[in-house]
4 protein chains.
Amino acid sequence: MNAFRTSHRVHFGHCDPAGFIFYPRYFDIVHEAEEDWFRHALDWPFSRSVRELKLAFPVVSLATEYHAPSRLGDLLDIDVRVAQLGGSSMHLAFDVSCEGEARASVRLVVVQMDMTTERPVRIDGELRARIERFRGAAPS
Amino acid sequence: MNAFRTSHRVHFGHCDPAGFIFYPRYFDIVHEAEEDWFRHALDWPFSRSVRELKLAFPVVSLATEYHAPSRLGDLLDIDVRVAQLGGSSMHLAFDVSCEGEARASVRLVVVQMDMTTERPVRIDGELRARIERFRGAAPS
Amino acid sequence: MNAFRTSHRVHFGHCDPAGFIFYPRYFDIVHEAEEDWFRHALDWPFSRSVRELKLAFPVVSLATEYHAPSRLGDLLDIDVRVAQLGGSSMHLAFDVSCEGEARASVRLVVVQMDMTTERPVRIDGELRARIERFRGAAPS
Amino acid sequence: MNAFRTSHRVHFGHCDPAGFIFYPRYFDIVHEAEEDWFRHALDWPFSRSVRELKLAFPVVSLATEYHAPSRLGDLLDIDVRVAQLGGSSMHLAFDVSCEGEARASVRLVVVQMDMTTERPVRIDGELRARIERFRGAAPS
C-alpha cells in the first residue's frame, strides 16, 4: 500500500473568535488534501473529472474525531489512505497531525457521480488502477 | 422534551460546481442552526458566551449521513435536539429536511471551553436548566 | 425608486480571531442580500437564473469601504439599490448598517452571463422591467 | 523595491455552480497571499502578530477589478506590493495572473489594530523596516 502526505498551513481565515480552526473550515483543508492526492498521487487532477468528464465526488457520509485543537500558523500534515474501494464509492481516511501530534481523524465516504444525470458511476479503468495502489487498512 | 426547528435557505455561495451544497458549507448552515437554537430556544445568544463570558463550544467529534442532495434555492428545515448532556459536553442532533424529504443527519459532540485557559467548563446553572428542556432521545 | 432592505445576523463562522467579521465572509452576507433582493423584491429567485436558464451574475469589479467593525451577534440591515443598469451589467449598491450606525458600503458591478457559452447576455424583458423599479442614485 | 510572488491553486471549494471562483473565496486566496508575504518575505508570521502581540490587520477599504475568470485547477500567481505605507496603515496591491494572463487586481487598505483596545497601532521598528523594502509604486 502506498501512502500520501500533504501539508497545509492554518490561515487566519480558518480560525474563529476562540483562535482555533472553525470546524467547517477544517473540511476545506481536508478537501484540498483530497484534491492534492488526486493531482499528485493519482496524476488525475480534479479538473479532469469535473471540467472534462463532468464527474464529481460528493460525500455521502463522514465521521471525524478531533484529538487536539489547531491554531493559526500551525502546519498540518495530512496522510491520505483508501480504506475501502467499492464500485462507485471510496472510503477515504485523512489523519491530520502537527509536528507528530495527532490532531484529527476524518473518514469520508465519497461516490463518483455523473454531474448531468446525478447518478453514481463506477470507478473504472485507469483511475481505479491508480486508486488501488493507495488501498489499505486505515488505522482505526 | 421540547423540539426546536429553524430554516435556512441554500444560497449560491453554499454550492459547488456540481450544483449541490459543498459539504463544508453544510456545517456553516448547521452552526447557524445551533446559534439560532441558543438565541431563540435557550434565550442565551452565542455572543453572551463568546464575548461576555469568554466561553466557546468547540466540536470534539461529529458524524454525518447525507440522505439526498440539496441545491441552490432549497429551504432547509433543521430540527435541533440534545441527545445527551454530560458535565461539560453536549451531544447535539440536527435533522435536516426539505419539504419533508430527509436530507442529512448531523451529530455533534461539543464541549463548553474557557477561551482563556482552553479548559473544559461544566455547563451549569441557568444555561444547564434551559438545555435540559431540549434533552431527549434523538431518532437514530 | 423602490428600496429593499434585508437583515442578516453575524454568526460565529463569519468572525475571525480578532472577533470581527473576516472581510471575505462579509461578501457572503452581501451575496445573500443580493439573492434576497432577487427572490423577494424582483420575485426572480437566483435558482431560476442558475438552474433553469443557466445564467449567472459574476462580479467584474467591486469597491468597499468599512466604516465600523461588526461583531458576533450584530444584526446587520442591508439596503440594496441599483445605481446603474447597462445592457448586460448592473451596478449594485449595498449599504450595511447596525441599529442605524453605518458599517460598510459595498459597490458591485455584475454581468449577466450565459453559463454555457460564458458570454454576457443582455438583461431583458420581465427581469429588466423589475430591476428598473429599483434603479436610482445610490448615496455616494 | 522588492517584489514577492506566491502561488495558489484554485480548489473545488473556491468554485461556484458557474464553475468559476466565487468572488468571496477570491479574498480567502488573497488573504493567504498576504499571510505568505508576512511569513516568507517579512519573516514575521501572522501568528506572531495575532497570537503573541495581539495585533491584527483588518481591512478598512478595498477595490478589485476582475480581468478574466478563474476556474478549478488554475494555478494563480499573486504578486504582492506595498503601494503606500502610512503610520498605522498600509495600501497593499495584489496582482493575480495565471500563465501570464491577468486575472484580477486587488487593492486593500489595512490598519494595524490592537485586538484588546481595538485602536490603531503605529507600524514601527523592525516590522516597519521590513515592510519598507517592499514599498513601491504599484502598476495602476
# chains A, B, ... in the order shown; residues from 1 in each chain; ligands from 1
>>> closest_atom_pairs(of="chain D", to="chain A", cutoff="7 Å", atoms="only C-alpha atoms", output="tab-separated table")
residue	atom	partner	partner_atom	distance
D:His11	CA	A:Glu32	CA	6.6
D:Gly13	CA	A:Asp28	CA	6.8
D:Asp28	CA	A:Gly13	CA	6.8
D:Glu32	CA	A:His11	CA	6.6
D:Ser47	CA	A:Gly73	CA	5.5
D:Leu72	CA	A:Ser47	CA	5.8
D:Gly73	CA	A:Ser47	CA	5.5
>>> write_last_selection(atoms="N, CA and C atoms", output="compact mmCIF listing (two decimals), in the first residue's frame")
# COMPACT_ATOMS: atom_id res chain seq x y z
N HIS D 11 -9.10 25.59 -5.87
CA HIS D 11 -9.66 24.31 -5.44
C HIS D 11 -11.18 24.28 -5.68
N GLY D 13 -13.60 23.85 -3.69
CA GLY D 13 -14.39 24.63 -2.73
C GLY D 13 -14.36 26.13 -2.98
N ASP D 28 -10.28 34.93 0.18
CA ASP D 28 -9.57 33.95 1.01
C ASP D 28 -8.19 33.68 0.42
N GLU D 32 -4.53 34.59 2.03
CA GLU D 32 -3.44 33.62 2.17
C GLU D 32 -2.16 34.16 1.55
N SER D 47 0.96 34.69 12.94
CA SER D 47 0.73 34.17 14.28
C SER D 47 1.51 34.98 15.33
N LEU D 72 -11.50 26.01 -11.52
CA LEU D 72 -10.95 24.85 -10.83
C LEU D 72 -9.66 24.37 -11.49
N GLY D 73 -8.60 24.26 -10.70
CA GLY D 73 -7.36 23.69 -11.19
C GLY D 73 -6.35 24.73 -11.64
>>> residues_around(residues="region 57-67 of chain D", least_positions_apart="6", cutoff="9 Å", atoms="only C-alpha atoms", output="count of residues only")
31
>>> calpha_fit_rmsd(fixed="chain D", moving="chain B")
0.0 Å
>>> residues_around(residues="Thr117 (chain C)", least_positions_apart="4", cutoff="10 Å", atoms="only C-alpha atoms", output="VMD selection string")
chain C and resid 54 to 55 113 121
>>> write_last_selection(atoms="C-alpha atoms", output="short mmCIF file (atom, residue, chain, number, x, y, z; two decimals), in the first residue's frame")
data_model
loop_
_atom_site.label_atom_id
_atom_site.label_comp_id
_atom_site.auth_asym_id
_atom_site.auth_seq_id
_atom_site.Cartn_x
_atom_site.Cartn_y
_atom_site.Cartn_z
CA LYS C 54 -28.21 28.66 -16.99
CA LEU C 55 -27.48 32.33 -16.38
CA MET C 113 -23.54 35.67 -18.17
CA VAL C 121 -26.28 38.24 -22.05
#
>>> residues_around(residues="Ile78 (chain A)", least_positions_apart="2", cutoff="6 Å", atoms="only C-alpha atoms", output="ChimeraX atom specification")
/A:5-7,95-96
>>> select_by_dssp(residues="region 6-92 of chain D", states="strand (DSSP E or B)", output="compact mmCIF listing (two decimals) with C-alpha atoms, in the first residue's frame")
# COMPACT_ATOMS: atom_id res chain seq x y z
CA THR D 6 3.27 33.36 -4.23
CA SER D 7 1.10 30.78 -6.00
CA HIS D 8 -2.22 29.25 -5.01
CA ARG D 9 -4.22 26.56 -6.75
CA CYS D 15 -15.79 27.46 -7.19
CA PHE D 20 -15.65 29.99 -11.54
CA ILE D 21 -14.12 31.18 -8.28
CA LEU D 55 -2.28 42.79 16.85
CA ALA D 56 -4.46 42.25 13.78
CA VAL D 59 -9.21 45.79 6.01
CA VAL D 60 -10.73 49.29 6.00
CA SER D 61 -11.25 49.61 2.28
CA LEU D 62 -10.74 47.56 -0.86
CA ALA D 63 -11.18 47.74 -4.60
CA THR D 64 -10.99 44.90 -7.09
CA GLU D 65 -11.13 44.51 -10.85
CA TYR D 66 -11.59 41.06 -12.35
CA ARG D 71 -11.51 28.06 -12.78
CA LEU D 75 -2.59 27.89 -10.59
CA LEU D 76 -2.75 31.57 -9.68
CA ASP D 77 0.41 33.64 -9.34
CA ILE D 78 -0.05 36.52 -6.93
CA ASP D 79 2.37 39.45 -6.84
CA VAL D 80 2.28 41.43 -3.60
CA ARG D 81 3.47 45.04 -3.33
CA VAL D 82 3.17 47.86 -0.78
CA ALA D 83 1.70 50.85 -2.66
CA GLN D 84 1.73 53.16 0.40
CA LEU D 85 2.86 52.92 3.99
CA SER D 89 -1.98 51.71 7.65
CA MET D 90 -0.68 50.02 4.52
CA HIS D 91 -2.00 50.02 0.96
CA LEU D 92 -1.38 46.55 -0.42
>>> decode(residues="region 17-52 of chain D", atoms="N, CA, C and O atoms", output="PDB file, in the first residue's frame")
ATOM      1  N   PRO D  17     -21.483  27.306  -8.737  1.00  0.00           N
ATOM      2  CA  PRO D  17     -22.197  26.497  -9.729  1.00  0.00           C
ATOM      3  C   PRO D  17     -21.898  26.897 -11.177  1.00  0.00           C
ATOM      4  O   PRO D  17     -22.126  26.107 -12.092  1.00  0.00           O
ATOM      5  N   ALA D  18     -21.375  28.114 -11.396  1.00  0.00           N
ATOM      6  CA  ALA D  18     -20.991  28.503 -12.757  1.00  0.00           C
ATOM      7  C   ALA D  18     -19.603  27.976 -13.104  1.00  0.00           C
ATOM      8  O   ALA D  18     -19.166  28.101 -14.243  1.00  0.00           O
ATOM      9  N   GLY D  19     -18.895  27.399 -12.123  1.00  0.00           N
ATOM     10  CA  GLY D  19     -17.581  26.801 -12.382  1.00  0.00           C
ATOM     11  C   GLY D  19     -16.412  27.751 -12.172  1.00  0.00           C
ATOM     12  O   GLY D  19     -15.258  27.365 -12.346  1.00  0.00           O
ATOM     13  N   PHE D  20     -16.692  28.991 -11.782  1.00  0.00           N
ATOM     14  CA  PHE D  20     -15.653  29.992 -11.542  1.00  0.00           C
ATOM     15  C   PHE D  20     -15.411  30.153 -10.038  1.00  0.00           C
ATOM     16  O   PHE D  20     -16.233  29.729  -9.232  1.00  0.00           O
ATOM     17  N   ILE D  21     -14.301  30.810  -9.692  1.00  0.00           N
ATOM     18  CA  ILE D  21     -14.120  31.177  -8.281  1.00  0.00           C
ATOM     19  C   ILE D  21     -15.283  32.070  -7.865  1.00  0.00           C
ATOM     20  O   ILE D  21     -15.567  33.077  -8.517  1.00  0.00           O
ATOM     21  N   PHE D  22     -15.928  31.725  -6.793  1.00  0.00           N
ATOM     22  CA  PHE D  22     -16.958  32.590  -6.192  1.00  0.00           C
ATOM     23  C   PHE D  22     -16.215  33.759  -5.542  1.00  0.00           C
ATOM     24  O   PHE D  22     -15.280  33.540  -4.768  1.00  0.00           O
ATOM     25  N   TYR D  23     -16.623  35.007  -5.863  1.00  0.00           N
ATOM     26  CA  TYR D  23     -15.744  36.129  -5.516  1.00  0.00           C
ATOM     27  C   TYR D  23     -15.405  36.261  -4.025  1.00  0.00           C
ATOM     28  O   TYR D  23     -14.279  36.671  -3.726  1.00  0.00           O
ATOM     29  N   PRO D  24     -16.293  35.931  -3.080  1.00  0.00           N
ATOM     30  CA  PRO D  24     -15.809  35.985  -1.682  1.00  0.00           C
ATOM     31  C   PRO D  24     -14.625  35.041  -1.415  1.00  0.00           C
ATOM     32  O   PRO D  24     -13.743  35.365  -0.624  1.00  0.00           O
ATOM     33  N   ARG D  25     -14.606  33.895  -2.101  1.00  0.00           N
ATOM     34  CA  ARG D  25     -13.486  32.944  -1.901  1.00  0.00           C
ATOM     35  C   ARG D  25     -12.182  33.490  -2.491  1.00  0.00           C
ATOM     36  O   ARG D  25     -11.097  33.093  -2.085  1.00  0.00           O
ATOM     37  N   TYR D  26     -12.305  34.373  -3.470  1.00  0.00           N
ATOM     38  CA  TYR D  26     -11.116  35.008  -4.042  1.00  0.00           C
ATOM     39  C   TYR D  26     -10.345  35.720  -2.942  1.00  0.00           C
ATOM     40  O   TYR D  26      -9.108  35.706  -2.904  1.00  0.00           O
ATOM     41  N   PHE D  27     -11.074  36.333  -2.039  1.00  0.00           N
ATOM     42  CA  PHE D  27     -10.410  37.081  -0.963  1.00  0.00           C
ATOM     43  C   PHE D  27      -9.776  36.154   0.064  1.00  0.00           C
ATOM     44  O   PHE D  27      -8.838  36.541   0.744  1.00  0.00           O
ATOM     45  N   ASP D  28     -10.283  34.934   0.184  1.00  0.00           N
ATOM     46  CA  ASP D  28      -9.569  33.945   1.008  1.00  0.00           C
ATOM     47  C   ASP D  28      -8.185  33.680   0.419  1.00  0.00           C
ATOM     48  O   ASP D  28      -7.193  33.612   1.146  1.00  0.00           O
ATOM     49  N   ILE D  29      -8.126  33.545  -0.903  1.00  0.00           N
ATOM     50  CA  ILE D  29      -6.837  33.314  -1.566  1.00  0.00           C
ATOM     51  C   ILE D  29      -5.939  34.536  -1.398  1.00  0.00           C
ATOM     52  O   ILE D  29      -4.741  34.410  -1.091  1.00  0.00           O
ATOM     53  N   VAL D  30      -6.509  35.734  -1.572  1.00  0.00           N
ATOM     54  CA  VAL D  30      -5.722  36.969  -1.404  1.00  0.00           C
ATOM     55  C   VAL D  30      -5.191  37.072   0.022  1.00  0.00           C
ATOM     56  O   VAL D  30      -4.034  37.457   0.245  1.00  0.00           O
ATOM     57  N   HIS D  31      -6.022  36.703   0.997  1.00  0.00           N
ATOM     58  CA  HIS D  31      -5.556  36.777   2.384  1.00  0.00           C
ATOM     59  C   HIS D  31      -4.436  35.771   2.644  1.00  0.00           C
ATOM     60  O   HIS D  31      -3.479  36.054   3.375  1.00  0.00           O
ATOM     61  N   GLU D  32      -4.527  34.594   2.029  1.00  0.00           N
ATOM     62  CA  GLU D  32      -3.445  33.619   2.171  1.00  0.00           C
ATOM     63  C   GLU D  32      -2.156  34.161   1.546  1.00  0.00           C
ATOM     64  O   GLU D  32      -1.070  33.946   2.086  1.00  0.00           O
ATOM     65  N   ALA D  33      -2.291  34.885   0.423  1.00  0.00           N
ATOM     66  CA  ALA D  33      -1.111  35.507  -0.190  1.00  0.00           C
ATOM     67  C   ALA D  33      -0.516  36.571   0.743  1.00  0.00           C
ATOM     68  O   ALA D  33       0.708  36.685   0.863  1.00  0.00           O
ATOM     69  N   GLU D  34      -1.389  37.328   1.402  1.00  0.00           N
ATOM     70  CA  GLU D  34      -0.911  38.335   2.364  1.00  0.00           C
ATOM     71  C   GLU D  34      -0.154  37.655   3.509  1.00  0.00           C
ATOM     72  O   GLU D  34       0.923  38.103   3.914  1.00  0.00           O
ATOM     73  N   GLU D  35      -0.703  36.543   4.007  1.00  0.00           N
ATOM     74  CA  GLU D  35      -0.031  35.799   5.087  1.00  0.00           C
ATOM     75  C   GLU D  35       1.282  35.179   4.610  1.00  0.00           C
ATOM     76  O   GLU D  35       2.258  35.135   5.368  1.00  0.00           O
ATOM     77  N   ASP D  36       1.302  34.703   3.362  1.00  0.00           N
ATOM     78  CA  ASP D  36       2.556  34.174   2.790  1.00  0.00           C
ATOM     79  C   ASP D  36       3.627  35.273   2.780  1.00  0.00           C
ATOM     80  O   ASP D  36       4.801  35.013   3.078  1.00  0.00           O
ATOM     81  N   TRP D  37       3.210  36.482   2.374  1.00  0.00           N
ATOM     82  CA  TRP D  37       4.140  37.621   2.311  1.00  0.00           C
ATOM     83  C   TRP D  37       4.682  37.950   3.708  1.00  0.00           C
ATOM     84  O   TRP D  37       5.892  38.100   3.896  1.00  0.00           O
ATOM     85  N   PHE D  38       3.802  38.026   4.695  1.00  0.00           N
ATOM     86  CA  PHE D  38       4.247  38.248   6.070  1.00  0.00           C
ATOM     87  C   PHE D  38       5.243  37.165   6.501  1.00  0.00           C
ATOM     88  O   PHE D  38       6.289  37.459   7.073  1.00  0.00           O
ATOM     89  N   ARG D  39       4.899  35.913   6.217  1.00  0.00           N
ATOM     90  CA  ARG D  39       5.723  34.796   6.691  1.00  0.00           C
ATOM     91  C   ARG D  39       7.056  34.715   5.951  1.00  0.00           C
ATOM     92  O   ARG D  39       8.124  34.646   6.566  1.00  0.00           O
ATOM     93  N   HIS D  40       6.992  34.707   4.605  1.00  0.00           N
ATOM     94  CA  HIS D  40       8.184  34.364   3.830  1.00  0.00           C
ATOM     95  C   HIS D  40       8.995  35.590   3.423  1.00  0.00           C
ATOM     96  O   HIS D  40      10.211  35.506   3.297  1.00  0.00           O
ATOM     97  N   ALA D  41       8.337  36.728   3.197  1.00  0.00           N
ATOM     98  CA  ALA D  41       9.071  37.906   2.734  1.00  0.00           C
ATOM     99  C   ALA D  41       9.493  38.766   3.933  1.00  0.00           C
ATOM    100  O   ALA D  41      10.619  39.251   3.990  1.00  0.00           O
ATOM    101  N   LEU D  42       8.572  38.956   4.868  1.00  0.00           N
ATOM    102  CA  LEU D  42       8.879  39.801   6.033  1.00  0.00           C
ATOM    103  C   LEU D  42       9.477  38.989   7.181  1.00  0.00           C
ATOM    104  O   LEU D  42       9.993  39.573   8.135  1.00  0.00           O
ATOM    105  N   ASP D  43       9.410  37.665   7.090  1.00  0.00           N
ATOM    106  CA  ASP D  43       9.828  36.788   8.189  1.00  0.00           C
ATOM    107  C   ASP D  43       9.137  37.206   9.490  1.00  0.00           C
ATOM    108  O   ASP D  43       9.764  37.321  10.546  1.00  0.00           O
ATOM    109  N   TRP D  44       7.856  37.460   9.389  1.00  0.00           N
ATOM    110  CA  TRP D  44       7.036  37.941  10.506  1.00  0.00           C
ATOM    111  C   TRP D  44       5.683  37.245  10.405  1.00  0.00           C
ATOM    112  O   TRP D  44       4.713  37.836   9.921  1.00  0.00           O
ATOM    113  N   PRO D  45       5.613  35.983  10.826  1.00  0.00           N
ATOM    114  CA  PRO D  45       4.367  35.229  10.639  1.00  0.00           C
ATOM    115  C   PRO D  45       3.174  35.925  11.310  1.00  0.00           C
ATOM    116  O   PRO D  45       3.328  36.534  12.371  1.00  0.00           O
ATOM    117  N   PHE D  46       2.044  35.845  10.661  1.00  0.00           N
ATOM    118  CA  PHE D  46       0.801  36.392  11.201  1.00  0.00           C
ATOM    119  C   PHE D  46       0.562  35.933  12.639  1.00  0.00           C
ATOM    120  O   PHE D  46       0.018  36.668  13.450  1.00  0.00           O
ATOM    121  N   SER D  47       0.960  34.693  12.937  1.00  0.00           N
ATOM    122  CA  SER D  47       0.727  34.172  14.284  1.00  0.00           C
ATOM    123  C   SER D  47       1.509  34.975  15.334  1.00  0.00           C
ATOM    124  O   SER D  47       1.070  35.082  16.474  1.00  0.00           O
ATOM    125  N   ARG D  48       2.660  35.559  14.936  1.00  0.00           N
ATOM    126  CA  ARG D  48       3.381  36.402  15.889  1.00  0.00           C
ATOM    127  C   ARG D  48       2.540  37.628  16.240  1.00  0.00           C
ATOM    128  O   ARG D  48       2.343  37.949  17.421  1.00  0.00           O
ATOM    129  N   SER D  49       2.005  38.294  15.209  1.00  0.00           N
ATOM    130  CA  SER D  49       1.144  39.456  15.444  1.00  0.00           C
ATOM    131  C   SER D  49      -0.094  39.066  16.257  1.00  0.00           C
ATOM    132  O   SER D  49      -0.371  39.656  17.302  1.00  0.00           O
ATOM    133  N   VAL D  50      -0.806  38.059  15.770  1.00  0.00           N
ATOM    134  CA  VAL D  50      -2.132  37.771  16.324  1.00  0.00           C
ATOM    135  C   VAL D  50      -2.041  37.071  17.673  1.00  0.00           C
ATOM    136  O   VAL D  50      -2.703  37.469  18.636  1.00  0.00           O
ATOM    137  N   ARG D  51      -1.196  36.031  17.757  1.00  0.00           N
ATOM    138  CA  ARG D  51      -1.187  35.220  18.973  1.00  0.00           C
ATOM    139  C   ARG D  51      -0.273  35.788  20.049  1.00  0.00           C
ATOM    140  O   ARG D  51      -0.577  35.700  21.234  1.00  0.00           O
ATOM    141  N   GLU D  52       0.889  36.336  19.643  1.00  0.00           N
ATOM    142  CA  GLU D  52       1.839  36.839  20.662  1.00  0.00           C
ATOM    143  C   GLU D  52       1.602  38.310  21.004  1.00  0.00           C
ATOM    144  O   GLU D  52       1.595  38.693  22.160  1.00  0.00           O
TER     145      GLU D  52
END
